[in-house]
Amino acid sequence: MTSQGFPRSCRLHLKNDFKSIIHDGKRVQGPGLVLWWKPAPLGKNDRKMGLVVSRKLGSAVVRNRVKRLLREAFRLNRERLQSGIGYVFSPRNSEILDTAASAESAMLGLCERAGLLMKAREMDEKSAVPK
RNA sequence: UUGACAGCCUAGAGAACCGCCUUGGGCGUUUACGCUUGGGGAGGAACUUCCGGACUUCACAGGGAAACGCGCCAACCGAAAGGUUGGGACGUAUGGGGUAAAAGCCAUACGGACGGAAAGUGCCACAGAAAACAAACCGCCUUCGGGCAAGGGUGAAAAGGUGCGGUAAGAGCGCACCGCGCACAAGGCAACGCGUGCGGCAGGGCAAACCCCGCGGGGAGCAAGGCCAAAUAUGUCCAUACGUGUCCCGCGUCAGAGACAGAGUAGGCCGCUUAGAGUAAUGGUUCUCACAGGCAGCAAUGCCUGACAGAAUCUGGGGUAUGGGCUGUCAUUAUA
RNA sequence: GCGCUCGUAGUUCAAUGGAUAGAGCGUCAGCCUCCGAAGCUGGAAAUGUGGGUUCGACUCCCGCCGAGCGCA
């Protein structure tokens with residue numbers, strides 16, 4: 001049951017964390033979404049996640065919608081991601097991410113290309129086929 | 001039935017599971033945190049940032065002025081910005097009336113930043129003789145000295161308009177009607193003005209050009225502002241260590257492992273909210289029903305979609321975007 | 001969030017309220033050349049949008065739309 005929760009401790013909210021992950025971490029780019037990731041020094045068991053949404057993406061409604069969908073996708077798949085990593089996602093195209101399923105597949109596709117997706121091969125083929 | 005305008009209402013409902021923010025109680029617990037149980041959790045425009053106000057801070061004896069903003073009148077609402085209603089003048093359109101043809105006049109509808117052009121300055125391209133000083137290109141008349149501004153044409157705008165008289169030709173030169181100005185003035189709280197008299201006529205437009213008049217009017221804005229405060233640097237004190245010395249006091253030196261100080265960065269807190277501050281919650285999946293729109297269909301019905309838009313100190317307005325419903329007025333169509 | 005500035009050809013900039021909105025680079029066509037480059041000649045191409053003031057608006061006024069900047 002804790003696997004589906006998404007408490008505050010799993011989010012990034014310090015400016016310095018964002019800076020270090022984006023500046024020093026590795027970068028993977030997919031259609032409409034960018035991922036930076038870096039092993040976090042302190043959080044041993046947690047995967048921390050943050051979002052960077054530019055104002056150029058759209059209006060406040062569009063930005064909120066994309067953020068919620070990406071947060072929901074991260075929440076549902078948190079257990080399958082490698083722990084001890086700080087993730088920062090940045091959407092670049094709101095039209096590709098306009099449903100929960102497409103947001104989830106985009107996120108999992110990026111994580112698989114980054115080699116951060118744990119086991120669950122069969123789940124991959126079912127829901128997270130990269131385009 | 002459809003459309004336009006005006007006003008008002010509303011912003012899908014219910015359920016299950018997985019989650020988020022905030023807060024009260026209980027339990028574990030030193031806090032952090034975790035578990036459990038209740039409460040609350042986007043809008044009519046939260047958008048825009050176009051005007052107000054509260055609040056904070058800086059400046060300021062008092063007064064005047066400037067920048068800037070506003071501008072027909074009255075009543076009402078309001079703290080103010082602003083709004084509502086009614087009225088007036090003006091403009092446009094339609095109709096009536098009028099005329100040789102027009103205009104003035106009347107009615108209806110619509111419009112709006114609607115003080116002042118007779119305080120002063122400035123501008124008015126091209127065309128045109130001439131664009132605000134009045135003059136005269138063609139022209140008209142002539143006793144050849146000169147007189148005239150009717151006609152032509154330009155322009156957005158040309159020194160009142162029409163008619164009659166008059167004259168060498170003409171002209172408000174004279175008269176009538178209209179226009180205009182001034183004075184008085186029925187009426188009206190007022191803006192305004194029925195009307196009367198006088199004047200042959202002053203004189204174009206632009207003030208969303210400078211400006212004048214009247215009224216308002218200090219600046220910046222919660223990222224305001226205030227409080228706490230690591231690290232580092234600085235200063236003061238002090239024990240210890242070392243040097244001097246036989247030892248203590250004293251004096252000097254370096255380091256700090258210490259204490260304090262004010263300033264103040266990272267960071268935190270207050271400001272701050274019966275939503276409330278932080279990468280910033282208000283979500284995801286599924287089912288049922290309702291409403292609206294689109295597509296297909298003769299129809300029953302089926303499928304798809306769910307307007308504009310997301311709080312960040314609070315609050316009053318203006319503007320703009322937009323799904324649905326109701327009422328009223330006007331126009332239109334159909335039926336009776 | 002609060003405040004400020006700016007929108008002219010594809011781009012960089014001009015234009016007292018006045019005639020057909022101008023110039024450089026770019027682009028297109030032609031000439032030149034064996035073919036190109038350079039050069040020469042010619043053309044296309046714009047006032048963000050909707051109203052208002054004015055005889056007349058890129059210019060003045062108002063509302064939208066779109067960019068950019070500052071403030072801890």
# chains A, B, ... in the order shown; residues from 1 in each chain; ligands from 1

$ select_by_dssp --residues "region 2-127 of chain A" --states "helix (DSSP H, G or I)" --output "number ranges by chain"
A: 8-10, 15-24, 55-57, 60-76, 78-80, 100-113, 121-127

$ residues_around --residues "C64 (chain C)" --least-positions-apart "4" --cutoff "12 Å" --atoms "only C-alpha atoms (C1' of nucleotides)" --output "ChimeraX atom specification"
/B:48,319-321 /C:48-51

$ closest_atom_pairs --of "chain B" --to "chain A" --cutoff "8 Å" --atoms "only C-alpha atoms (C1' of nucleotides)" --output "JSON lines"
{"residue": "B:C18", "atom": "C1'", "partner": "A:Gln4", "partner_atom": "CA", "distance": 7.2}
{"residue": "B:G19", "atom": "C1'", "partner": "A:Gly5", "partner_atom": "CA", "distance": 6.3}
{"residue": "B:C20", "atom": "C1'", "partner": "A:Phe6", "partner_atom": "CA", "distance": 7.9}
{"residue": "B:G278", "atom": "C1'", "partner": "A:His13", "partner_atom": "CA", "distance": 7.0}
{"residue": "B:U279", "atom": "C1'", "partner": "A:His13", "partner_atom": "CA", "distance": 5.0}
{"residue": "B:G283", "atom": "C1'", "partner": "A:Arg68", "partner_atom": "CA", "distance": 6.4}
{"residue": "B:G284", "atom": "C1'", "partner": "A:Glu72", "partner_atom": "CA", "distance": 6.6}
{"residue": "B:A309", "atom": "C1'", "partner": "A:Val61", "partner_atom": "CA", "distance": 7.1}
{"residue": "B:G310", "atom": "C1'", "partner": "A:Val61", "partner_atom": "CA", "distance": 5.8}

$ residues_around --residues "G172 (chain B)" --least-positions-apart "4" --cutoff "10 Å" --atoms "only C-alpha atoms (C1' of nucleotides)" --output "ChimeraX atom specification"
/B:160,200-201

$ write_last_selection --atoms "N, CA and C atoms (P, O5', C5', C4', C3', O3' and C1' of nucleotides)" --output "compact mmCIF listing (two decimals), in the first residue's frame"
# COMPACT_ATOMS: atom_id res chain seq x y z
P G B 160 -20.19 86.77 -46.18
O5' G B 160 -21.16 85.63 -45.68
C5' G B 160 -22.10 85.07 -46.59
C4' G B 160 -22.49 83.68 -46.15
C3' G B 160 -23.71 83.12 -46.86
O3' G B 160 -23.37 82.49 -48.09
C1' G B 160 -24.00 82.92 -44.55
P G B 200 -27.56 97.31 -38.26
O5' G B 200 -27.76 96.17 -39.37
C5' G B 200 -27.01 96.22 -40.57
C4' G B 200 -26.14 94.98 -40.68
C3' G B 200 -25.46 94.82 -42.04
O3' G B 200 -24.31 94.03 -41.90
C1' G B 200 -26.93 93.03 -41.69
P C B 201 -23.02 94.34 -41.12
O5' C B 201 -22.96 92.88 -40.51
C5' C B 201 -22.00 92.54 -39.54
C4' C B 201 -21.77 91.04 -39.58
C3' C B 201 -21.54 90.47 -40.96
O3' C B 201 -20.52 89.49 -40.92
C1' C B 201 -23.34 89.34 -39.93

$ residues_around --residues "Asp24 (chain A)" --least-positions-apart "2" --cutoff "12 Å" --atoms "only C-alpha atoms (C1' of nucleotides)" --output "ChimeraX atom specification"
/A:16-22,26-27,36-40,86

$ closest_residue --among "B:U49, B:U23, B:U31, B:U273" --to "G3 (chain C)" --atoms "only C-alpha atoms (C1' of nucleotides)"
B:U49

$ residues_around --residues "Leu81 (chain A)" --least-positions-apart "4" --cutoff "7 Å" --atoms "only C-alpha atoms (C1' of nucleotides)" --output "list of chain:residue names"
A:Asn77, A:Leu116, A:Leu117, A:Met118

$ write_last_selection --atoms "N, CA and C atoms" --output "mmCIF file, in the first residue's frame"
data_model
loop_
_atom_site.group_PDB
_atom_site.id
_atom_site.type_symbol
_atom_site.label_atom_id
_atom_site.label_comp_id
_atom_site.auth_asym_id
_atom_site.auth_seq_id
_atom_site.Cartn_x
_atom_site.Cartn_y
_atom_site.Cartn_z
ATOM 1 N N ASN A 77 4.046 3.999 -10.635
ATOM 2 C CA ASN A 77 5.167 3.159 -11.060
ATOM 3 C C ASN A 77 6.396 3.356 -10.194
ATOM 4 N N LEU A 116 16.926 2.562 -15.835
ATOM 5 C CA LEU A 116 16.532 2.720 -14.441
ATOM 6 C C LEU A 116 15.297 1.903 -14.095
ATOM 7 N N LEU A 117 14.818 1.119 -15.076
ATOM 8 C CA LEU A 117 13.588 0.362 -14.839
ATOM 9 C C LEU A 117 13.955 -1.010 -14.305
ATOM 10 N N MET A 118 13.385 -1.406 -13.154
ATOM 11 C CA MET A 118 13.736 -2.678 -12.533
ATOM 12 C C MET A 118 12.829 -3.770 -13.035
#

$ closest_residue --among "C:C34, C:A67, C:A23, C:C60" --to "chain A" --atoms "only C-alpha atoms (C1' of nucleotides)"
C:A67

$ select_by_dssp --residues "region 5-131 of chain A" --states "strand (DSSP E or B)" --output "list in words"
Arg11, Lys26, Arg27, Val28, Gln29, Gly30, Leu33, Val34, Leu35, Trp36, Trp37, Lys38, Pro39, Lys48, Met49, Gly50, Leu51, Leu81, Ile85, Gly86, Tyr87, Val88, Phe89, Ser90, Pro91 and Leu117 of chain A

$ write_last_selection --atoms "C-alpha atoms" --output "compact mmCIF listing (two decimals), in the first residue's frame"
# COMPACT_ATOMS: atom_id res chain seq x y z
CA ARG A 11 9.41 15.12 -3.99
CA LYS A 26 22.50 12.54 -17.03
CA ARG A 27 19.95 13.52 -19.59
CA VAL A 28 17.57 11.44 -21.70
CA GLN A 29 15.23 12.98 -24.21
CA GLY A 30 12.14 11.41 -25.69
CA LEU A 33 9.54 14.78 -22.44
CA VAL A 34 13.04 15.19 -20.98
CA LEU A 35 14.51 13.33 -17.98
CA TRP A 36 17.52 14.26 -15.91
CA TRP A 37 18.65 11.78 -13.27
CA LYS A 38 21.42 11.53 -10.75
CA PRO A 39 22.10 9.29 -7.73
CA LYS A 48 12.77 11.60 -5.41
CA MET A 49 11.00 13.28 -8.28
CA GLY A 50 10.64 16.81 -9.46
CA LEU A 51 9.05 18.58 -12.38
CA LEU A 81 12.10 2.57 -10.60
CA ILE A 85 17.93 8.35 -7.61
CA GLY A 86 16.72 11.87 -8.10
CA TYR A 87 14.49 12.24 -11.14
CA VAL A 88 13.62 15.52 -12.83
CA PHE A 89 11.12 15.49 -15.67
CA SER A 90 10.42 18.38 -17.98
CA PRO A 91 7.56 18.23 -20.48
CA LEU A 117 13.59 0.36 -14.84

$ atom_distance --atom1 "C1' of A42 (chain B)" --atom2 "C1' of G324 (chain B)"
20.9 Å

$ closest_residue --among "B:A61, B:A156, B:A125, B:A220" --to "C55 (chain C)" --atoms "only C-alpha atoms (C1' of nucleotides)"
B:A156

$ residues_around --residues "G18 (chain C)" --least-positions-apart "5" --cutoff "12 Å" --atoms "only C-alpha atoms (C1' of nucleotides)" --output "count of residues only"
8

$ residues_around --residues "G68 (chain C)" --least-positions-apart "2" --cutoff "12 Å" --atoms "only C-alpha atoms (C1' of nucleotides)" --output "list in words"
C4, U5, C6, G7, G66 and G70 of chain C

$ write_last_selection --atoms "N, CA and C atoms (P, O5', C5', C4', C3', O3' and C1' of nucleotides)" --output "compact mmCIF listing (two decimals), in the first residue's frame"
# COMPACT_ATOMS: atom_id res chain seq x y z
P C C 4 3.49 50.12 -13.80
O5' C C 4 4.72 49.89 -14.78
C5' C C 4 5.85 50.73 -14.69
C4' C C 4 6.99 50.23 -15.55
C3' C C 4 6.77 50.31 -17.05
O3' C C 4 6.92 51.61 -17.57
C1' C C 4 7.79 48.24 -16.49
P U C 5 6.20 51.99 -18.96
O5' U C 5 7.06 51.25 -20.08
C5' U C 5 8.41 51.60 -20.31
C4' U C 5 9.09 50.63 -21.24
C3' U C 5 8.48 50.54 -22.63
O3' U C 5 8.87 51.60 -23.47
C1' U C 5 8.93 48.36 -21.81
P C C 6 7.91 52.08 -24.66
O5' C C 6 8.01 50.89 -25.72
C5' C C 6 9.25 50.55 -26.31
C4' C C 6 9.17 49.24 -27.04
C3' C C 6 8.18 49.18 -28.19
O3' C C 6 8.71 49.80 -29.34
C1' C C 6 8.05 47.18 -26.89
P G C 7 7.78 50.00 -30.63
O5' G C 7 7.95 48.60 -31.35
C5' G C 7 7.07 48.21 -32.37
C4' G C 7 7.06 46.72 -32.50
C3' G C 7 6.19 46.21 -33.64
O3' G C 7 6.72 45.02 -34.17
C1' G C 7 5.32 45.44 -31.57
P G C 66 -2.13 35.84 -26.27
O5' G C 66 -0.74 36.24 -26.92
C5' G C 66 -0.41 35.81 -28.23
C4' G C 66 0.83 36.50 -28.72
C3' G C 66 2.03 36.44 -27.80
O3' G C 66 2.68 35.19 -27.86
C1' G C 66 1.80 38.63 -28.67
P G C 70 16.11 40.59 -16.38
O5' G C 70 15.59 41.57 -15.24
C5' G C 70 16.19 42.84 -15.04
C4' G C 70 15.36 43.68 -14.11
C3' G C 70 15.13 43.09 -12.73
O3' G C 70 16.22 43.30 -11.87
C1' G C 70 13.09 43.94 -13.59

$ decode --residues "region 4-35 of chain C" --atoms "N, CA and C atoms (P, O5', C5', C4', C3', O3' and C1' of nucleotides)" --output "mmCIF file, in the first residue's frame"
data_model
loop_
_atom_site.group_PDB
_atom_site.id
_atom_site.type_symbol
_atom_site.label_atom_id
_atom_site.label_comp_id
_atom_site.auth_asym_id
_atom_site.auth_seq_id
_atom_site.Cartn_x
_atom_site.Cartn_y
_atom_site.Cartn_z
ATOM 1 P P C C 4 3.492 50.116 -13.795
ATOM 2 O "O5'" C C 4 4.721 49.886 -14.776
ATOM 3 C "C5'" C C 4 5.847 50.728 -14.690
ATOM 4 C "C4'" C C 4 6.990 50.234 -15.552
ATOM 5 C "C3'" C C 4 6.775 50.305 -17.051
ATOM 6 O "O3'" C C 4 6.923 51.614 -17.575
ATOM 7 C "C1'" C C 4 7.790 48.243 -16.485
ATOM 8 P P U C 5 6.196 51.990 -18.959
ATOM 9 O "O5'" U C 5 7.055 51.247 -20.080
ATOM 10 C "C5'" U C 5 8.405 51.603 -20.306
ATOM 11 C "C4'" U C 5 9.085 50.634 -21.241
ATOM 12 C "C3'" U C 5 8.476 50.536 -22.630
ATOM 13 O "O3'" U C 5 8.871 51.603 -23.472
ATOM 14 C "C1'" U C 5 8.929 48.360 -21.814
ATOM 15 P P C C 6 7.911 52.081 -24.663
ATOM 16 O "O5'" C C 6 8.008 50.890 -25.724
ATOM 17 C "C5'" C C 6 9.250 50.553 -26.311
ATOM 18 C "C4'" C C 6 9.171 49.239 -27.038
ATOM 19 C "C3'" C C 6 8.184 49.180 -28.188
ATOM 20 O "O3'" C C 6 8.712 49.799 -29.338
ATOM 21 C "C1'" C C 6 8.050 47.184 -26.888
ATOM 22 P P G C 7 7.778 50.001 -30.634
ATOM 23 O "O5'" G C 7 7.953 48.603 -31.353
ATOM 24 C "C5'" G C 7 7.069 48.209 -32.370
ATOM 25 C "C4'" G C 7 7.056 46.720 -32.504
ATOM 26 C "C3'" G C 7 6.193 46.213 -33.642
ATOM 27 O "O3'" G C 7 6.724 45.024 -34.174
ATOM 28 C "C1'" G C 7 5.321 45.444 -31.571
ATOM 29 P P U C 8 7.874 45.071 -35.300
ATOM 30 O "O5'" U C 8 7.228 46.019 -36.402
ATOM 31 C "C5'" U C 8 6.043 45.641 -37.078
ATOM 32 C "C4'" U C 8 5.950 46.332 -38.406
ATOM 33 C "C3'" U C 8 6.971 45.896 -39.440
ATOM 34 O "O3'" U C 8 6.588 44.697 -40.092
ATOM 35 C "C1'" U C 8 6.837 48.256 -39.396
ATOM 36 P P A C 9 7.460 43.377 -39.817
ATOM 37 O "O5'" A C 9 7.569 42.733 -41.267
ATOM 38 C "C5'" A C 9 8.331 43.363 -42.283
ATOM 39 C "C4'" A C 9 7.972 42.788 -43.629
ATOM 40 C "C3'" A C 9 8.890 41.660 -44.079
ATOM 41 O "O3'" A C 9 8.134 40.696 -44.814
ATOM 42 C "C1'" A C 9 8.968 43.451 -45.640
ATOM 43 P P G C 10 7.546 39.425 -44.044
ATOM 44 O "O5'" G C 10 8.804 38.466 -43.898
ATOM 45 C "C5'" G C 10 8.697 37.225 -43.196
ATOM 46 C "C4'" G C 10 10.069 36.629 -42.994
ATOM 47 C "C3'" G C 10 10.994 37.461 -42.135
ATOM 48 O "O3'" G C 10 10.839 37.185 -40.763
ATOM 49 C "C1'" G C 10 12.095 36.874 -44.161
ATOM 50 P P U C 11 10.832 38.398 -39.668
ATOM 51 O "O5'" U C 11 12.348 38.865 -39.641
ATOM 52 C "C5'" U C 11 13.341 38.049 -39.026
ATOM 53 C "C4'" U C 11 14.715 38.643 -39.227
ATOM 54 C "C3'" U C 11 14.915 40.050 -38.682
ATOM 55 O "O3'" U C 11 15.247 40.043 -37.305
ATOM 56 C "C1'" U C 11 15.725 39.944 -40.903
ATOM 57 P P U C 12 14.934 41.334 -36.408
ATOM 58 O "O5'" U C 12 16.001 42.410 -36.888
ATOM 59 C "C5'" U C 12 17.374 42.277 -36.518
ATOM 60 C "C4'" U C 12 18.186 43.436 -37.065
ATOM 61 C "C3'" U C 12 17.688 44.815 -36.665
ATOM 62 O "O3'" U C 12 18.159 45.197 -35.385
ATOM 63 C "C1'" U C 12 18.148 44.767 -38.998
ATOM 64 P P C C 13 17.337 46.277 -34.522
ATOM 65 O "O5'" C C 13 16.607 47.161 -35.616
ATOM 66 C "C5'" C C 13 16.337 48.526 -35.365
ATOM 67 C "C4'" C C 13 16.839 49.378 -36.516
ATOM 68 C "C3'" C C 13 16.029 50.664 -36.754
ATOM 69 O "O3'" C C 13 16.419 51.701 -35.876
ATOM 70 C "C1'" C C 13 16.426 49.564 -38.818
ATOM 71 P P A C 14 15.394 52.879 -35.556
ATOM 72 O "O5'" A C 14 15.456 53.772 -36.860
ATOM 73 C "C5'" A C 14 14.280 54.143 -37.540
ATOM 74 C "C4'" A C 14 14.620 54.876 -38.809
ATOM 75 C "C3'" A C 14 13.617 55.966 -39.172
ATOM 76 O "O3'" A C 14 13.914 57.180 -38.543
ATOM 77 C "C1'" A C 14 13.971 54.553 -41.027
ATOM 78 P P A C 15 12.760 57.937 -37.697
ATOM 79 O "O5'" A C 15 11.713 58.357 -38.828
ATOM 80 C "C5'" A C 15 12.095 59.215 -39.899
ATOM 81 C "C4'" A C 15 11.049 59.201 -40.982
ATOM 82 C "C3'" A C 15 9.630 59.532 -40.529
ATOM 83 O "O3'" A C 15 9.393 60.927 -40.495
ATOM 84 C "C1'" A C 15 9.605 57.574 -41.855
ATOM 85 P P U C 16 9.668 61.707 -39.119
ATOM 86 O "O5'" U C 16 8.328 62.436 -38.733
ATOM 87 C "C5'" U C 16 8.102 63.755 -39.204
ATOM 88 C "C4'" U C 16 7.563 64.621 -38.103
ATOM 89 C "C3'" U C 16 6.071 64.394 -37.837
ATOM 90 O "O3'" U C 16 5.789 64.642 -36.470
ATOM 91 C "C1'" U C 16 6.423 66.591 -38.668
ATOM 92 P P G C 17 4.546 63.867 -35.834
ATOM 93 O "O5'" G C 17 3.628 63.542 -37.073
ATOM 94 C "C5'" G C 17 2.230 63.567 -36.925
ATOM 95 C "C4'" G C 17 1.555 62.981 -38.139
ATOM 96 C "C3'" G C 17 1.604 63.851 -39.378
ATOM 97 O "O3'" G C 17 1.532 63.012 -40.532
ATOM 98 C "C1'" G C 17 -0.634 63.560 -38.742
ATOM 99 P P G C 18 2.733 63.082 -41.625
ATOM 100 O "O5'" G C 18 1.960 63.222 -43.006
ATOM 101 C "C5'" G C 18 1.236 62.108 -43.544
ATOM 102 C "C4'" G C 18 0.743 62.393 -44.943
ATOM 103 C "C3'" G C 18 1.740 63.099 -45.844
ATOM 104 O "O3'" G C 18 1.580 62.630 -47.179
ATOM 105 C "C1'" G C 18 -0.200 64.429 -45.631
ATOM 106 P P A C 19 2.442 61.334 -47.647
ATOM 107 O "O5'" A C 19 1.723 60.897 -48.999
ATOM 108 C "C5'" A C 19 0.406 60.363 -48.978
ATOM 109 C "C4'" A C 19 -0.245 60.503 -50.331
ATOM 110 C "C3'" A C 19 0.316 59.584 -51.404
ATOM 111 O "O3'" A C 19 -0.749 59.201 -52.281
ATOM 112 C "C1'" A C 19 0.600 61.822 -52.066
ATOM 113 P P U C 20 -1.456 57.844 -52.098
ATOM 114 O "O5'" U C 20 -0.353 56.750 -52.436
ATOM 115 C "C5'" U C 20 -0.683 55.369 -52.284
ATOM 116 C "C4'" U C 20 0.473 54.475 -52.655
ATOM 117 C "C3'" U C 20 1.754 54.721 -51.863
ATOM 118 O "O3'" U C 20 2.394 53.473 -51.647
ATOM 119 C "C1'" U C 20 2.177 54.981 -54.172
ATOM 120 P P A C 21 2.608 52.961 -50.148
ATOM 121 O "O5'" A C 21 3.247 54.169 -49.354
ATOM 122 C "C5'" A C 21 4.564 54.631 -49.579
ATOM 123 C "C4'" A C 21 5.409 54.551 -48.330
ATOM 124 C "C3'" A C 21 6.420 53.403 -48.290
ATOM 125 O "O3'" A C 21 7.600 53.717 -48.995
ATOM 126 C "C1'" A C 21 5.253 53.511 -46.233
ATOM 127 P P G C 22 7.936 53.006 -50.353
ATOM 128 O "O5'" G C 22 9.507 53.173 -50.468
ATOM 129 C "C5'" G C 22 10.086 54.469 -50.543
ATOM 130 C "C4'" G C 22 11.251 54.597 -49.609
ATOM 131 C "C3'" G C 22 12.307 53.496 -49.702
ATOM 132 O "O3'" G C 22 13.176 53.666 -50.810
ATOM 133 C "C1'" G C 22 11.830 53.943 -47.435
ATOM 134 P P A C 23 13.897 52.357 -51.463
ATOM 135 O "O5'" A C 23 15.100 52.057 -50.448
ATOM 136 C "C5'" A C 23 16.180 52.978 -50.341
ATOM 137 C "C4'" A C 23 17.114 52.606 -49.219
ATOM 138 C "C3'" A C 23 17.715 51.201 -49.269
ATOM 139 O "O3'" A C 23 18.774 51.099 -50.205
ATOM 140 C "C1'" A C 23 17.010 51.677 -47.066
ATOM 141 P P G C 24 19.109 49.672 -50.866
ATOM 142 O "O5'" G C 24 19.936 48.890 -49.753
ATOM 143 C "C5'" G C 24 21.222 49.372 -49.349
ATOM 144 C "C4'" G C 24 21.725 48.588 -48.162
ATOM 145 C "C3'" G C 24 21.761 47.072 -48.330
ATOM 146 O "O3'" G C 24 22.905 46.632 -49.055
ATOM 147 C "C1'" G C 24 20.803 47.605 -46.240
ATOM 148 P P C C 25 22.789 45.396 -50.061
ATOM 149 O "O5'" C C 25 22.589 44.142 -49.099
ATOM 150 C "C5'" C C 25 23.668 43.708 -48.279
ATOM 151 C "C4'" C C 25 23.184 42.690 -47.257
ATOM 152 C "C3'" C C 25 22.514 41.436 -47.822
ATOM 153 O "O3'" C C 25 23.426 40.474 -48.325
ATOM 154 C "C1'" C C 25 21.228 42.273 -46.036
ATOM 155 P P G C 26 23.048 39.615 -49.620
ATOM 156 O "O5'" G C 26 21.733 38.840 -49.175
ATOM 157 C "C5'" G C 26 21.821 37.736 -48.286
ATOM 158 C "C4'" G C 26 20.445 37.268 -47.849
ATOM 159 C "C3'" G C 26 19.589 36.631 -48.935
ATOM 160 O "O3'" G C 26 19.937 35.283 -49.194
ATOM 161 C "C1'" G C 26 18.275 38.158 -47.684
ATOM 162 P P U C 27 19.890 34.722 -50.687
ATOM 163 O "O5'" U C 27 18.348 34.806 -51.050
ATOM 164 C "C5'" U C 27 17.409 33.949 -50.409
ATOM 165 C "C4'" U C 27 16.012 34.218 -50.928
ATOM 166 C "C3'" U C 27 15.844 34.112 -52.431
ATOM 167 O "O3'" U C 27 15.664 32.770 -52.861
ATOM 168 C "C1'" U C 27 14.826 36.102 -51.665
ATOM 169 P P C C 28 16.275 32.290 -54.253
ATOM 170 O "O5'" C C 28 15.265 32.918 -55.303
ATOM 171 C "C5'" C C 28 13.899 32.525 -55.322
ATOM 172 C "C4'" C C 28 13.098 33.350 -56.305
ATOM 173 C "C3'" C C 28 13.709 33.487 -57.691
ATOM 174 O "O3'" C C 28 13.487 32.347 -58.503
ATOM 175 C "C1'" C C 28 12.964 35.602 -56.950
ATOM 176 P P A C 29 14.607 31.941 -59.627
ATOM 177 O "O5'" A C 29 14.377 33.042 -60.756
ATOM 178 C "C5'" A C 29 13.166 33.073 -61.500
ATOM 179 C "C4'" A C 29 13.092 34.280 -62.401
ATOM 180 C "C3'" A C 29 14.289 34.499 -63.326
ATOM 181 O "O3'" A C 29 14.253 33.662 -64.473
ATOM 182 C "C1'" A C 29 13.715 36.537 -62.300
ATOM 183 P P G C 30 15.647 33.193 -65.133
ATOM 184 O "O5'" G C 30 16.159 34.526 -65.860
ATOM 185 C "C5'" G C 30 15.436 35.066 -66.949
ATOM 186 C "C4'" G C 30 15.922 36.451 -67.308
ATOM 187 C "C3'" G C 30 17.378 36.565 -67.728
ATOM 188 O "O3'" G C 30 17.589 36.171 -69.074
ATOM 189 C "C1'" G C 30 16.869 38.283 -66.180
ATOM 190 P P C C 31 19.004 35.536 -69.491
ATOM 191 O "O5'" C C 31 20.005 36.778 -69.421
ATOM 192 C "C5'" C C 31 19.845 37.875 -70.310
ATOM 193 C "C4'" C C 31 20.826 38.980 -70.006
ATOM 194 C "C3'" C C 31 22.290 38.575 -70.055
ATOM 195 O "O3'" C C 31 22.796 38.541 -71.379
ATOM 196 C "C1'" C C 31 21.884 39.869 -68.111
ATOM 197 P P C C 32 23.811 37.364 -71.824
ATOM 198 O "O5'" C C 32 25.118 37.622 -70.960
ATOM 199 C "C5'" C C 32 25.896 38.813 -71.150
ATOM 200 C "C4'" C C 32 26.947 38.933 -70.070
ATOM 201 C "C3'" C C 32 27.848 37.710 -69.917
ATOM 202 O "O3'" C C 32 28.905 37.716 -70.860
ATOM 203 C "C1'" C C 32 27.095 38.407 -67.783
ATOM 204 P P U C 33 29.151 36.471 -71.836
ATOM 205 O "O5'" U C 33 29.707 35.366 -70.828
ATOM 206 C "C5'" U C 33 30.942 35.580 -70.142
ATOM 207 C "C4'" U C 33 31.189 34.453 -69.167
ATOM 208 C "C3'" U C 33 30.970 33.041 -69.707
ATOM 209 O "O3'" U C 33 32.075 32.579 -70.481
ATOM 210 C "C1'" U C 33 29.969 33.239 -67.571
ATOM 211 P P C C 34 31.819 31.771 -71.864
ATOM 212 O "O5'" C C 34 30.993 30.509 -71.392
ATOM 213 C "C5'" C C 34 30.514 29.563 -72.353
ATOM 214 C "C4'" C C 34 30.367 28.206 -71.697
ATOM 215 C "C3'" C C 34 29.754 28.202 -70.314
ATOM 216 O "O3'" C C 34 28.331 28.177 -70.367
ATOM 217 C "C1'" C C 34 31.738 26.905 -70.291
ATOM 218 P P C C 35 27.519 29.070 -69.360
ATOM 219 O "O5'" C C 35 27.725 28.337 -67.968
ATOM 220 C "C5'" C C 35 27.195 27.030 -67.766
ATOM 221 C "C4'" C C 35 27.561 26.527 -66.391
ATOM 222 C "C3'" C C 35 27.287 27.467 -65.238
ATOM 223 O "O3'" C C 35 25.936 27.438 -64.828
ATOM 224 C "C1'" C C 35 29.464 26.558 -65.000
#
